[in-house]
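Undergrad: Have a peek at upload_7.cif (mmCIF, C-alpha atoms).
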data_start
loop_
_atom_site.label_atom_id
_atom_site.label_comp_id
_atom_site.auth_asym_id
_atom_site.auth_seq_id
_atom_site.Cartn_x
_atom_site.Cartn_y
_atom_site.Cartn_z
CA MET A 18 418.94 102.86 261.06
CA ASN A 19 416.08 100.90 262.57
CA LEU A 20 415.46 103.81 264.93
CA VAL A 21 415.23 106.26 262.02
CA ILE A 22 412.91 103.97 260.07
CA GLY A 23 410.74 103.50 263.16
CA ALA A 24 410.48 107.24 263.77
CA PHE A 25 409.86 108.05 260.09
CA PRO A 26 406.03 107.83 259.92
CA TYR A 27 405.45 109.74 263.17
CA PHE A 28 407.45 112.67 261.85
CA VAL A 29 406.76 112.60 258.11
CA LEU A 30 402.95 112.39 258.10
CA PRO A 31 402.40 115.59 260.15
CA LEU A 32 405.22 117.22 258.15
CA ILE A 33 403.42 116.54 254.86
CA LEU A 34 400.07 117.57 256.31
CA SER A 35 401.52 120.83 257.57
CA LEU A 36 403.19 121.57 254.22
CA VAL A 37 399.84 121.08 252.47
CA LEU A 38 397.73 122.89 255.07
CA VAL A 39 399.77 126.11 255.45
CA PRO A 40 398.76 127.50 252.01
CA ILE A 41 395.14 126.62 252.83
CA ALA A 42 395.43 128.39 256.18
CA LYS A 43 396.85 131.40 254.37
CA LYS A 44 393.85 131.53 252.02
CA VAL A 45 391.50 131.27 254.99
CA GLY A 46 393.34 134.10 256.71
CA ILE A 47 393.15 136.30 253.62
CA GLY A 48 389.44 135.54 253.24
CA LEU A 49 388.74 136.46 256.86
CA GLY A 50 391.13 139.41 256.84
CA ILE A 51 393.25 138.04 259.68
CA TYR A 52 396.49 140.00 259.39
CA ALA A 53 399.27 140.72 261.88
CA GLU A 54 399.11 144.29 263.16
CA GLU A 55 402.15 146.53 263.08
CA ASN A 56 403.16 147.98 266.44
CA GLN A 57 406.28 149.00 268.37
CA ARG A 58 407.19 145.36 268.94
CA THR A 59 406.80 144.00 265.39
CA VAL A 60 409.41 144.24 262.64
CA HIS A 61 407.32 143.30 259.60
CA HIS A 62 405.75 145.73 257.15
CA GLY A 63 402.58 145.37 255.14
CA LYS A 64 399.85 142.76 255.42
CA MET A 65 400.89 139.36 256.73
CA VAL A 66 398.40 136.59 257.44
CA ARG A 67 398.64 135.20 260.98
CA MET A 68 396.81 131.90 260.62
CA GLY A 69 399.73 129.48 260.23
CA GLY A 70 399.01 128.00 263.64
CA LEU A 71 395.89 126.42 262.17
CA ALA A 72 398.04 124.17 259.96
CA ILE A 73 400.27 123.20 262.90
CA TYR A 74 397.27 122.39 265.08
CA VAL A 75 395.42 120.29 262.51
CA ALA A 76 398.57 118.40 261.41
CA PHE A 77 399.42 117.59 265.02
CA MET A 78 395.89 116.52 265.97
CA VAL A 79 395.57 114.26 262.92
CA GLY A 80 398.95 112.69 263.69
CA MET A 81 397.93 112.10 267.30
CA ALA A 82 394.61 110.57 266.26
CA ILE A 83 396.37 108.12 263.92
CA PHE A 84 399.42 107.14 265.97
CA VAL A 85 398.56 107.54 269.67
CA LYS A 86 395.96 105.67 271.70
CA ALA A 87 393.89 108.07 273.77
CA ASP A 88 393.67 107.85 277.56
CA ASP A 89 392.63 110.26 280.31
CA THR A 90 396.04 111.91 280.38
CA LEU A 91 396.19 112.42 276.64
CA ASN A 92 392.59 113.61 276.51
CA GLY A 93 393.35 116.18 279.20
CA ILE A 94 396.37 117.48 277.32
CA LEU A 95 394.61 117.64 273.96
CA LEU A 96 391.46 119.23 275.37
CA GLY A 97 393.57 121.87 277.07
CA GLY A 98 395.45 122.34 273.79
CA MET A 99 392.17 122.89 271.98
CA VAL A 100 391.14 125.53 274.53
CA VAL A 101 394.40 127.46 274.28
CA PHE A 102 394.40 127.15 270.47
CA PHE A 103 390.89 128.57 270.08
CA GLY A 104 391.67 131.27 272.63
CA GLY A 105 394.64 132.29 270.47
CA LEU A 106 392.55 132.05 267.32
CA LEU A 107 389.91 134.37 268.77
CA ASP A 108 392.67 136.79 269.69
CA ASP A 109 394.04 136.64 266.14
CA ILE A 110 390.57 137.51 264.83
CA PHE A 111 389.23 139.93 267.43
CA ASP A 112 392.32 141.12 269.40
CA LEU A 113 391.17 140.02 272.83
CA LYS A 114 392.16 141.84 276.00
CA PRO A 115 395.22 140.30 277.73
CA ILE A 116 393.12 139.21 280.72
CA ILE A 117 390.77 137.23 278.45
CA LYS A 118 393.69 135.56 276.70
CA LEU A 119 395.11 134.66 280.08
CA ALA A 120 391.76 133.17 281.10
CA PHE A 121 391.93 130.69 278.20
CA GLN A 122 395.45 129.71 279.25
CA ILE A 123 394.41 129.25 282.87
CA VAL A 124 391.50 127.00 281.86
CA ALA A 125 393.80 124.97 279.58
CA ALA A 126 396.37 124.53 282.36
CA LEU A 127 393.71 123.46 284.86
CA ILE A 128 392.31 120.91 282.40
CA ALA A 129 395.78 119.40 281.92
CA ILE A 130 396.40 119.27 285.67
CA PHE A 131 393.02 118.04 286.93
CA MET A 132 391.69 116.04 283.98
CA GLY A 133 395.01 114.84 282.58
CA GLN A 134 396.79 114.62 285.95
CA VAL A 135 399.81 116.25 284.33
CA TYR A 136 401.73 117.78 287.21
CA LEU A 137 404.82 117.27 289.33
CA SER A 138 404.11 114.46 291.76
CA SER A 139 407.07 115.54 293.88
CA ILE A 140 409.98 117.95 293.69
CA ASN A 141 413.49 116.75 294.51
CA LEU A 142 415.77 119.54 295.65
CA PRO A 143 419.50 119.47 296.50
CA PHE A 144 420.68 118.05 299.84
CA GLY A 145 418.06 115.32 299.76
CA ILE A 146 415.10 117.68 300.24
CA THR A 147 411.85 116.40 298.73
CA ILE A 148 408.59 118.35 298.47
CA ASN A 149 405.57 116.05 298.39
CA SER A 150 402.91 118.71 298.87
CA VAL A 151 400.22 118.34 296.19
CA PHE A 152 399.34 122.02 296.54
CA ILE A 153 402.92 123.25 296.02
CA SER A 154 403.72 120.84 293.18
CA GLY A 155 400.36 121.56 291.55
CA PHE A 156 400.91 125.32 291.79
CA ILE A 157 404.40 125.05 290.29
CA SER A 158 403.02 122.88 287.48
CA PHE A 159 400.30 125.48 286.82
CA VAL A 160 402.83 128.33 286.70
CA TRP A 161 405.06 126.24 284.43
CA ILE A 162 402.28 125.57 281.89
CA VAL A 163 401.01 129.16 281.78
CA GLY A 164 404.55 130.58 281.87
CA ILE A 165 405.97 128.48 279.03
CA THR A 166 402.80 129.03 276.98
CA ASN A 167 403.45 132.77 277.14
CA ALA A 168 407.23 132.49 276.80
CA ILE A 169 406.98 130.85 273.39
CA ASN A 170 404.42 133.46 272.34
CA LEU A 171 406.69 136.32 273.42
CA MET A 172 409.51 134.88 271.30
CA ASP A 173 407.33 135.13 268.19
CA GLY A 174 408.85 138.42 267.07
CA LEU A 175 410.99 137.51 264.05
CA ASP A 176 410.42 135.28 261.03
CA GLY A 177 410.95 131.66 262.01
CA LEU A 178 412.09 132.45 265.55
CA SER A 179 409.34 130.97 267.71
CA SER A 180 408.67 128.06 265.36
CA GLY A 181 412.38 127.23 264.98
CA ILE A 182 413.08 127.37 268.70
CA SER A 183 409.96 125.27 269.34
CA LEU A 184 411.26 122.71 266.83
CA ILE A 185 414.66 122.51 268.55
CA VAL A 186 413.08 122.28 272.01
CA THR A 187 410.61 119.61 270.91
CA CYS A 188 413.36 117.50 269.31
CA THR A 189 415.49 117.79 272.45
CA ILE A 190 412.61 116.66 274.67
CA GLY A 191 411.99 113.78 272.26
CA ILE A 192 415.65 112.70 272.37
CA LEU A 193 415.65 112.73 276.18
CA GLY A 194 412.38 110.81 276.13
CA PHE A 195 413.99 108.16 273.94
CA PHE A 196 416.99 107.76 276.23
CA MET A 197 414.66 107.53 279.21
CA GLY A 198 412.59 104.82 277.53
CA ARG A 199 409.51 107.03 277.32
CA ARG A 200 407.99 106.01 273.98
CA ASP A 201 404.94 108.25 274.49
CA ILE A 202 407.07 111.37 274.98
CA CYS A 203 409.18 110.48 271.95
CA ILE A 204 406.18 109.91 269.64
CA MET A 205 404.35 113.06 270.71
CA SER A 206 407.53 115.07 270.20
CA LEU A 207 408.07 113.59 266.72
CA ILE A 208 404.50 114.40 265.68
CA LEU A 209 404.73 117.96 266.97
CA ALA A 210 408.18 118.46 265.40
CA GLY A 211 406.90 117.33 262.01
CA ALA A 212 403.95 119.74 262.19
CA ILE A 213 406.29 122.61 263.15
CA LEU A 214 408.86 121.89 260.42
CA GLY A 215 406.19 121.91 257.71
CA PHE A 216 405.13 125.37 258.84
CA LEU A 217 408.72 126.60 259.25
CA LYS A 218 409.27 126.22 255.50
CA TYR A 219 406.85 129.11 254.99
CA ASN A 220 407.77 131.02 258.14
CA PHE A 221 411.57 131.27 257.89
CA HIS A 222 412.85 134.67 256.74
CA PRO A 223 411.45 136.09 254.55
CA ALA A 224 408.19 134.68 255.91
CA SER A 225 405.05 134.42 253.82
CA ILE A 226 402.81 133.69 256.83
CA PHE A 227 402.88 134.01 260.62
CA MET A 228 401.63 131.39 263.06
CA GLY A 229 399.63 133.92 265.07
CA ASP A 230 398.75 133.58 268.73
CA CYS A 231 396.78 130.42 267.94
CA GLY A 232 400.00 128.73 266.88
CA ALA A 233 402.46 130.26 269.36
CA LEU A 234 400.23 129.69 272.40
CA PHE A 235 399.42 126.14 271.28
CA LEU A 236 403.11 125.30 270.82
CA GLY A 237 404.00 126.79 274.19
CA TYR A 238 401.23 124.82 275.88
CA MET A 239 402.17 121.53 274.20
CA ILE A 240 405.87 121.94 274.99
CA ALA A 241 405.03 122.72 278.63
CA THR A 242 402.71 119.74 279.05
CA ILE A 243 404.90 117.25 277.19
CA SER A 244 407.89 118.22 279.34
CA LEU A 245 405.74 117.79 282.47
CA LEU A 246 404.24 114.52 281.25
CA GLY A 247 407.45 112.68 282.03
CA PHE A 248 407.13 113.49 285.73
CA LYS A 249 403.78 111.72 285.96
CA THR A 250 404.95 108.14 286.45
CA THR A 251 408.74 108.03 286.10
CA ALA A 252 411.82 110.15 286.61
CA PHE A 253 411.79 111.37 283.01
CA ILE A 254 413.93 114.44 283.45
CA THR A 255 414.73 116.47 286.50
CA LEU A 256 413.16 119.89 286.83
CA GLY A 257 416.44 121.39 285.65
CA PHE A 258 416.34 119.69 282.26
CA PRO A 259 413.25 121.41 280.83
CA ILE A 260 414.48 124.70 282.27
CA LEU A 261 417.77 124.26 280.39
CA ILE A 262 416.02 123.23 277.19
CA LEU A 263 413.75 126.28 277.39
CA PHE A 264 416.38 128.65 278.80
CA ILE A 265 416.17 131.17 275.93
CA PRO A 266 412.39 131.81 276.03
CA ILE A 267 412.28 131.55 279.84
CA SER A 268 415.11 134.03 280.39
CA ASP A 269 413.76 136.43 277.77
CA THR A 270 410.34 136.40 279.46
CA ILE A 271 411.72 136.93 282.97
CA ILE A 272 413.99 139.75 281.76
CA ALA A 273 411.06 141.40 279.97
CA ILE A 274 408.96 141.31 283.16
CA ILE A 275 411.78 142.81 285.26
CA ARG A 276 412.61 145.42 282.61
CA ARG A 277 409.01 146.60 282.28
CA LYS A 278 408.50 146.69 286.03
CA LEU A 279 411.62 148.84 286.46
CA LYS A 280 410.30 151.21 283.78
CA GLY A 281 406.85 151.33 285.37
CA GLN A 282 405.25 149.66 282.36
CA LYS A 283 402.56 147.01 282.27
CA ILE A 284 403.90 143.46 281.95
CA SER A 285 401.76 142.96 278.83
CA GLU A 286 403.03 146.16 277.20
CA ALA A 287 405.00 145.45 274.02
CA ASP A 288 408.53 146.79 273.51
CA ARG A 289 411.57 146.28 271.30
CA SER A 290 414.00 145.16 273.97
CA HIS A 291 413.55 141.42 273.66
CA LEU A 292 416.58 139.26 273.01
CA HIS A 293 415.89 139.04 269.29
CA HIS A 294 415.43 142.82 269.05
CA VAL A 295 418.77 143.39 270.79
CA LEU A 296 420.56 141.09 268.35
CA MET A 297 418.83 142.60 265.34
CA TYR A 298 418.95 146.30 266.18
CA LYS A 299 421.45 147.03 268.95
CA LEU A 300 424.09 144.64 267.59
CA ASP A 301 422.99 145.20 263.98
CA LEU A 302 423.14 141.50 263.08
CA GLY A 303 420.17 141.56 260.77
CA HIS A 304 416.99 139.51 260.77
CA ARG A 305 418.25 136.11 259.65
CA ASN A 306 421.50 136.19 261.63
CA ALA A 307 419.65 137.10 264.84
CA VAL A 308 417.36 134.11 264.39
CA LEU A 309 420.22 131.73 263.58
CA ILE A 310 422.17 132.83 266.67
CA LEU A 311 419.15 132.13 268.88
CA TYR A 312 418.76 128.74 267.20
CA LEU A 313 422.40 128.01 268.06
CA MET A 314 422.02 129.10 271.68
CA THR A 315 418.88 126.99 272.06
CA MET A 316 420.73 124.00 270.62
CA LEU A 317 423.65 124.51 273.03
CA PHE A 318 421.36 124.63 276.06
CA GLY A 319 419.50 121.61 274.72
CA MET A 320 422.79 119.76 274.28
CA SER A 321 423.79 120.67 277.82
CA SER A 322 420.66 118.95 279.15
CA ILE A 323 421.46 115.80 277.17
CA VAL A 324 425.13 115.87 278.24
CA THR A 325 424.07 116.36 281.87
CA TYR A 326 421.88 113.26 281.67
CA PHE A 327 424.90 111.12 280.70
CA ASP A 328 427.64 112.94 282.64
CA LYS A 329 426.60 115.38 285.37
CA THR A 330 430.07 116.86 285.84
CA VAL A 331 430.66 117.70 282.18
CA GLY A 332 427.07 118.86 281.83
CA ILE A 333 427.26 121.20 284.82
CA VAL A 334 430.51 122.73 283.52
CA MET A 335 428.85 123.28 280.15
CA VAL A 336 425.82 124.89 281.81
CA ILE A 337 427.99 127.22 283.93
CA VAL A 338 429.90 128.39 280.84
CA LEU A 339 426.66 129.04 278.94
CA LEU A 340 425.11 130.89 281.88
CA PHE A 341 428.26 133.02 282.29
CA ILE A 342 428.21 133.98 278.61
CA SER A 343 424.49 134.77 278.84
CA GLU A 344 424.99 136.97 281.90
CA ILE A 345 427.80 138.96 280.27
CA PHE A 346 425.63 139.44 277.18
CA ILE A 347 422.70 140.70 279.29
CA GLU A 348 424.93 143.16 281.13
CA LYS A 349 426.74 144.38 278.02
CA THR A 350 423.52 145.05 276.10
CA GLY A 351 421.59 146.50 279.04
CA MET A 352 418.62 144.20 278.46
CA ILE A 353 417.41 144.58 282.04
CA ASN A 354 418.74 148.04 282.80
CA PRO A 355 421.79 150.04 281.63
CA LYS A 356 422.96 150.20 285.26
CA PHE A 357 422.66 146.43 285.82
CA HIS A 358 426.19 145.03 285.48
CA PRO A 359 427.19 143.10 288.64
CA LEU A 360 429.82 140.87 287.01
CA LEU A 361 431.28 143.56 284.76
CA GLY A 362 431.26 146.00 287.68
CA LEU A 363 433.08 143.47 289.85
CA TRP A 364 435.66 142.91 287.11
CA ARG A 365 436.24 146.66 286.81
CA ARG A 366 436.69 146.99 290.58
CA ILE A 367 439.19 144.12 290.57
CA ARG A 368 441.13 145.89 287.82
CA GLY A 369 440.78 149.25 289.60
CA LYS A 370 439.08 150.98 286.68
CA THR A 371 435.95 153.09 286.33
CA LYS A 372 433.23 152.42 283.78
CA GLU A 373 434.39 155.38 281.65
CA GLU A 374 438.02 154.22 281.71
CA ASP A 375 436.97 150.70 280.71
CA LYS A 376 435.27 152.03 277.57
CA HIS A 377 438.61 153.31 276.35
#
Turn this file's structure into structure tokens for me.

TA:
Amino acid sequence: MNLVIGAFPYFVLPLILSLVLVPIAKKVGIGLGIYAEENQRTVHHGKMVRMGGLAIYVAFMVGMAIFVKADDTLNGILLGGMVVFFGGLLDDIFDLKPIIKLAFQIVAALIAIFMGQVYLSSINLPFGITINSVFISGFISFVWIVGITNAINLMDGLDGLSSGISLIVTCTIGILGFFMGRRDICIMSLILAGAILGFLKYNFHPASIFMGDCGALFLGYMIATISLLGFKTTAFITLGFPILILFIPISDTIIAIIRRKLKGQKISEADRSHLHHVLMYKLDLGHRNAVLILYLMTMLFGMSSIVTYFDKTVGIVMVIVLLFISEIFIEKTGMINPKFHPLLGLWRRIRGKTKEEDKH
């Protein structure tokens, strides 16, 4: 109970601010004519304001200013967050070219790494192998920040999907931070979670506003840097923990890159083969059910990271089961390629059946 009471202000203030600011952001978006465009990737119809990220950003920044004492690390993270937010906002207004959007993300990542010193100090691999190279660890940290920033943005394809997954991920990171004794990680996660939940009220299906690139890119950047922040001075979580927590957006992004490369498409080219599209259209689960299933999967992977922290054996078993289920799903739905089915193909060969026979 004392824990809940102690966490209450960090979460509730940004929640209230976000609830109040979203309608204001919507009016601003209407006034400026900032609406989400309809293309082959989107599923919405009609005009929908994409300025909700403004409410998330302001609520989070106010919460940070009130509850967290600034230092060089925090200033680096927040300055980078401001850069990526305004880059996304400019894209929402003017539809920037992908390379220009990427430039904002690169600058934000470099600010976090060089000004905030937010990067992996070392990488511990199996069999006692440790990588202490500043160049390698810095490069991996850079790829992590830019990659997760884009992964969260790519998940922003259904009402409440990106914001809900970001909320679950942020809460999971905060819980691990608490168990690890990292008060700073826990507080930042609570503030961000409150800001997200206030927006989610308006964004869950049927949504009345979208967060836009300013919100999705900002959330991706903050999640990436907060998860890295724990590596700065202590063994917060191993590299595998944030990967597990973010498994859904990471896997969806990697699959999208492979799929588009195999089709000869540009990586930035939109399509309707993302995980949420498969659930909604190919499996005909509907908008809300597709989102809820992805929430559940994100929770399960988040739980597996927490379980692994307390019991590695049980956690690893849980991870293997989840990865097996995910692989079968990918093969069954042809998310990468209709011909990609190594496990199912192996199972058919063991049973002595062809693909056509297995359908019957």

Undergrad: If the PyMOL selection byres ((chain A and resi 130) around 12) were run on this exact file, what residues would it hold? Put them as a PDB file with C-alpha atoms, in the frame of the given file.

TA:
ATOM      1  CA  ASP A  89     392.630 110.260 280.310  1.00  0.00           C
ATOM      2  CA  THR A  90     396.040 111.910 280.380  1.00  0.00           C
ATOM      3  CA  LEU A  91     396.190 112.420 276.640  1.00  0.00           C
ATOM      4  CA  ASN A  92     392.590 113.610 276.510  1.00  0.00           C
ATOM      5  CA  GLY A  93     393.350 116.180 279.200  1.00  0.00           C
ATOM      6  CA  ILE A  94     396.370 117.480 277.320  1.00  0.00           C
ATOM      7  CA  LEU A  95     394.610 117.640 273.960  1.00  0.00           C
ATOM      8  CA  LEU A  96     391.460 119.230 275.370  1.00  0.00           C
ATOM      9  CA  GLY A  97     393.570 121.870 277.070  1.00  0.00           C
ATOM     10  CA  ILE A 123     394.410 129.250 282.870  1.00  0.00           C
ATOM     11  CA  VAL A 124     391.500 127.000 281.860  1.00  0.00           C
ATOM     12  CA  ALA A 125     393.800 124.970 279.580  1.00  0.00           C
ATOM     13  CA  ALA A 126     396.370 124.530 282.360  1.00  0.00           C
ATOM     14  CA  LEU A 127     393.710 123.460 284.860  1.00  0.00           C
ATOM     15  CA  ILE A 128     392.310 120.910 282.400  1.00  0.00           C
ATOM     16  CA  ALA A 129     395.780 119.400 281.920  1.00  0.00           C
ATOM     17  CA  PHE A 131     393.020 118.040 286.930  1.00  0.00           C
ATOM     18  CA  MET A 132     391.690 116.040 283.980  1.00  0.00           C
ATOM     19  CA  GLY A 133     395.010 114.840 282.580  1.00  0.00           C
ATOM     20  CA  GLN A 134     396.790 114.620 285.950  1.00  0.00           C
ATOM     21  CA  VAL A 135     399.810 116.250 284.330  1.00  0.00           C
ATOM     22  CA  TYR A 136     401.730 117.780 287.210  1.00  0.00           C
ATOM     23  CA  LEU A 137     404.820 117.270 289.330  1.00  0.00           C
ATOM     24  CA  SER A 138     404.110 114.460 291.760  1.00  0.00           C
ATOM     25  CA  VAL A 151     400.220 118.340 296.190  1.00  0.00           C
ATOM     26  CA  PHE A 152     399.340 122.020 296.540  1.00  0.00           C
ATOM     27  CA  SER A 154     403.720 120.840 293.180  1.00  0.00           C
ATOM     28  CA  GLY A 155     400.360 121.560 291.550  1.00  0.00           C
ATOM     29  CA  PHE A 156     400.910 125.320 291.790  1.00  0.00           C
ATOM     30  CA  ILE A 157     404.400 125.050 290.290  1.00  0.00           C
ATOM     31  CA  SER A 158     403.020 122.880 287.480  1.00  0.00           C
ATOM     32  CA  PHE A 159     400.300 125.480 286.820  1.00  0.00           C
ATOM     33  CA  VAL A 160     402.830 128.330 286.700  1.00  0.00           C
ATOM     34  CA  TRP A 161     405.060 126.240 284.430  1.00  0.00           C
ATOM     35  CA  ILE A 162     402.280 125.570 281.890  1.00  0.00           C
ATOM     36  CA  VAL A 163     401.010 129.160 281.780  1.00  0.00           C
ATOM     37  CA  ALA A 241     405.030 122.720 278.630  1.00  0.00           C
ATOM     38  CA  THR A 242     402.710 119.740 279.050  1.00  0.00           C
ATOM     39  CA  LEU A 245     405.740 117.790 282.470  1.00  0.00           C
ATOM     40  CA  LEU A 246     404.240 114.520 281.250  1.00  0.00           C
ATOM     41  CA  LYS A 249     403.780 111.720 285.960  1.00  0.00           C
TER      42      LYS A 249
END

Undergrad: Pick out the closest residue to Cys203 of chain A from this set: A:His222, A:Met68, A:Ile243, A:Gly80. Count only C-alpha atoms.

TA: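 Nearest candidate to Cys203 of chain A out of A:His222, A:Met68, A:Ile243, A:Gly80: A:Ile243.
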
Undergrad: In Å, rounded to a single decimal, give me how far atom CA of Phe84 of chain A is from atom CA of Leu34 of chain A.

TA: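 Taking atom CA of Leu34 of chain A as the start and atom CA of Phe84 of chain A as the end point, the length is 14.2 Å.
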
Undergrad: Taking all atoms listed in the file into account, name the residue in A:Pro40, A:Pro259, A:Ile83, A:Leu119 that is nearest to Thr189 of chain A.

TA: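 Among the listed residues, the smallest separation from Thr189 of chain A belongs to A:Pro259.
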
Undergrad: Could you tell me how far atom CA of Ala212 of chain A lies from atom CA of Thr270 of chain A, in Å and to one decimal?

TA: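 The value is 24.8 Å.
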
Undergrad: Just how far from atom CA of Met65 of chain A is atom CA of Phe227 of chain A, in Å to one decimal?

TA: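 Distance between the two atoms: 6.9 Å.
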
Undergrad: Tell me which of A:Asp176, A:Asp201, A:Asp88, A:Asp230 sits closest to Leu107 of chain A, counting all atoms listed in the file.

TA: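 Comparing A:Asp176, A:Asp201, A:Asp88, A:Asp230 against Leu107 of chain A, the winner is A:Asp230.
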
Undergrad: Show me the residues close to (419.6, 130.9, 279.2) - anything with an atom within 10 Å, counting all atoms listed in the file - and format the list as a list in words.

TA: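 These residues have at least one counted atom within 10 Å: Ile260, Leu261, Ile262, Leu263, Phe264, Ile265, Pro266, Ile267, Ser268, Asp269, Met314, Thr315, Leu317, Phe318, Val336, Leu339, Leu340, Phe341, Ile342, Ser343 and Glu344 of chain A.
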
Undergrad: Distance cut-off 10 Å, centre (404.8, 134.6, 274.5) in file coordinates, counting only C-alpha atoms: which residues qualify? Return them as a compact mmCIF listing (two decimals) with C-alpha atoms, in the frame of the given file.

TA:
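Okay, this is what ended up in result.txt:
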# COMPACT_ATOMS: atom_id res chain seq x y z
CA VAL A 163 401.01 129.16 281.78
CA GLY A 164 404.55 130.58 281.87
CA ILE A 165 405.97 128.48 279.03
CA THR A 166 402.80 129.03 276.98
CA ASN A 167 403.45 132.77 277.14
CA ALA A 168 407.23 132.49 276.80
CA ILE A 169 406.98 130.85 273.39
CA ASN A 170 404.42 133.46 272.34
CA LEU A 171 406.69 136.32 273.42
CA MET A 172 409.51 134.88 271.30
CA ASP A 173 407.33 135.13 268.19
CA GLY A 174 408.85 138.42 267.07
CA SER A 179 409.34 130.97 267.71
CA ASP A 230 398.75 133.58 268.73
CA ALA A 233 402.46 130.26 269.36
CA LEU A 234 400.23 129.69 272.40
CA GLY A 237 404.00 126.79 274.19
CA PRO A 266 412.39 131.81 276.03
CA ILE A 267 412.28 131.55 279.84
CA ASP A 269 413.76 136.43 277.77
CA THR A 270 410.34 136.40 279.46
CA SER A 285 401.76 142.96 278.83

Undergrad: Can you work out which one of A:Asn306, A:Ser244, A:Ser206, A:Ser139 has the shortest atom-to-atom distance to Gly177 of chain A, counting only C-alpha atoms?

TA: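 Nearest candidate to Gly177 of chain A out of A:Asn306, A:Ser244, A:Ser206, A:Ser139: A:Asn306.
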
Undergrad: Looking at only C-alpha atoms, which of A:Ile202, A:Leu175, A:Asn220, A:Tyr326 is the one that sits closest to Cys188 of chain A?

TA: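 Residue with the minimum atom-to-atom distance to Cys188 of chain A: A:Ile202.
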
Undergrad: So, counting only C-alpha atoms, which residue among A:Tyr238, A:Tyr52, A:Phe346, A:Phe77 is closest to Asp109 of chain A?

TA: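 For Asp109 of chain A, the nearest of the given residues is A:Tyr52.
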
Undergrad: Write out as a PyMOL selection string which residues come within 9 Å of Leu71 of chain A when counting only C-alpha atoms, dropping same-chain ones fewer than 3 positions away.

TA: chain A and resi 38-39+42+68+74-76+102+106+228-229+231-232

Undergrad: Using all atoms listed in the file, which protein or nucleic acid residues come within 12 Å of Phe195 of chain A? Drop anything in the same chain fewer than 3 positions from it, and give the result as a PyMOL selection string.

TA: chain A and resi 20+24+188-192+198-207+247+253-254+323

Undergrad: Might you spell out which residues the PyMOL selection byres ((chain A and resi 286) around 12) would select in the displayed file, as an MDAnalysis selection string?

TA: chainID A and resid 56:58 114:115 171 273:274 276:278 280:285 287:290

Undergrad: Keeping only C-alpha atoms, write the selected residues as a JSON list (two decimals), in the coordinates of the input.

TA:
[["chain", "number", "residue", "atom", "x", "y", "z"],
["A", 56, "ASN", "CA", 403.16, 147.98, 266.44],
["A", 57, "GLN", "CA", 406.28, 149.00, 268.37],
["A", 58, "ARG", "CA", 407.19, 145.36, 268.94],
["A", 114, "LYS", "CA", 392.16, 141.84, 276.00],
["A", 115, "PRO", "CA", 395.22, 140.30, 277.73],
["A", 171, "LEU", "CA", 406.69, 136.32, 273.42],
["A", 273, "ALA", "CA", 411.06, 141.40, 279.97],
["A", 274, "ILE", "CA", 408.96, 141.31, 283.16],
["A", 276, "ARG", "CA", 412.61, 145.42, 282.61],
["A", 277, "ARG", "CA", 409.01, 146.60, 282.28],
["A", 278, "LYS", "CA", 408.50, 146.69, 286.03],
["A", 280, "LYS", "CA", 410.30, 151.21, 283.78],
["A", 281, "GLY", "CA", 406.85, 151.33, 285.37],
["A", 282, "GLN", "CA", 405.25, 149.66, 282.36],
["A", 283, "LYS", "CA", 402.56, 147.01, 282.27],
["A", 284, "ILE", "CA", 403.90, 143.46, 281.95],
["A", 285, "SER", "CA", 401.76, 142.96, 278.83],
["A", 287, "ALA", "CA", 405.00, 145.45, 274.02],
["A", 288, "ASP", "CA", 408.53, 146.79, 273.51],
["A", 289, "ARG", "CA", 411.57, 146.28, 271.30],
["A", 290, "SER", "CA", 414.00, 145.16, 273.97]]

Undergrad: Could you tell me, as a PyMOL selection string, exactly which residues end up selected when the PyMOL selection byres ((chain A and resi 296) around 12) is applied to this structure?

TA: chain A and resi 175+289-295+297-311+346-347+349-350+352

Undergrad: With C-alpha atoms retained, write the just-selected residues as an mmCIF file, in the frame of the given file.

TA:
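Dumped everything to selection.cif:
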data_model
loop_
_atom_site.group_PDB
_atom_site.id
_atom_site.type_symbol
_atom_site.label_atom_id
_atom_site.label_comp_id
_atom_site.auth_asym_id
_atom_site.auth_seq_id
_atom_site.Cartn_x
_atom_site.Cartn_y
_atom_site.Cartn_z
ATOM 1 C CA LEU A 175 410.990 137.510 264.050
ATOM 2 C CA ARG A 289 411.570 146.280 271.300
ATOM 3 C CA SER A 290 414.000 145.160 273.970
ATOM 4 C CA HIS A 291 413.550 141.420 273.660
ATOM 5 C CA LEU A 292 416.580 139.260 273.010
ATOM 6 C CA HIS A 293 415.890 139.040 269.290
ATOM 7 C CA HIS A 294 415.430 142.820 269.050
ATOM 8 C CA VAL A 295 418.770 143.390 270.790
ATOM 9 C CA MET A 297 418.830 142.600 265.340
ATOM 10 C CA TYR A 298 418.950 146.300 266.180
ATOM 11 C CA LYS A 299 421.450 147.030 268.950
ATOM 12 C CA LEU A 300 424.090 144.640 267.590
ATOM 13 C CA ASP A 301 422.990 145.200 263.980
ATOM 14 C CA LEU A 302 423.140 141.500 263.080
ATOM 15 C CA GLY A 303 420.170 141.560 260.770
ATOM 16 C CA HIS A 304 416.990 139.510 260.770
ATOM 17 C CA ARG A 305 418.250 136.110 259.650
ATOM 18 C CA ASN A 306 421.500 136.190 261.630
ATOM 19 C CA ALA A 307 419.650 137.100 264.840
ATOM 20 C CA VAL A 308 417.360 134.110 264.390
ATOM 21 C CA LEU A 309 420.220 131.730 263.580
ATOM 22 C CA ILE A 310 422.170 132.830 266.670
ATOM 23 C CA LEU A 311 419.150 132.130 268.880
ATOM 24 C CA PHE A 346 425.630 139.440 277.180
ATOM 25 C CA ILE A 347 422.700 140.700 279.290
ATOM 26 C CA LYS A 349 426.740 144.380 278.020
ATOM 27 C CA THR A 350 423.520 145.050 276.100
ATOM 28 C CA MET A 352 418.620 144.200 278.460
#
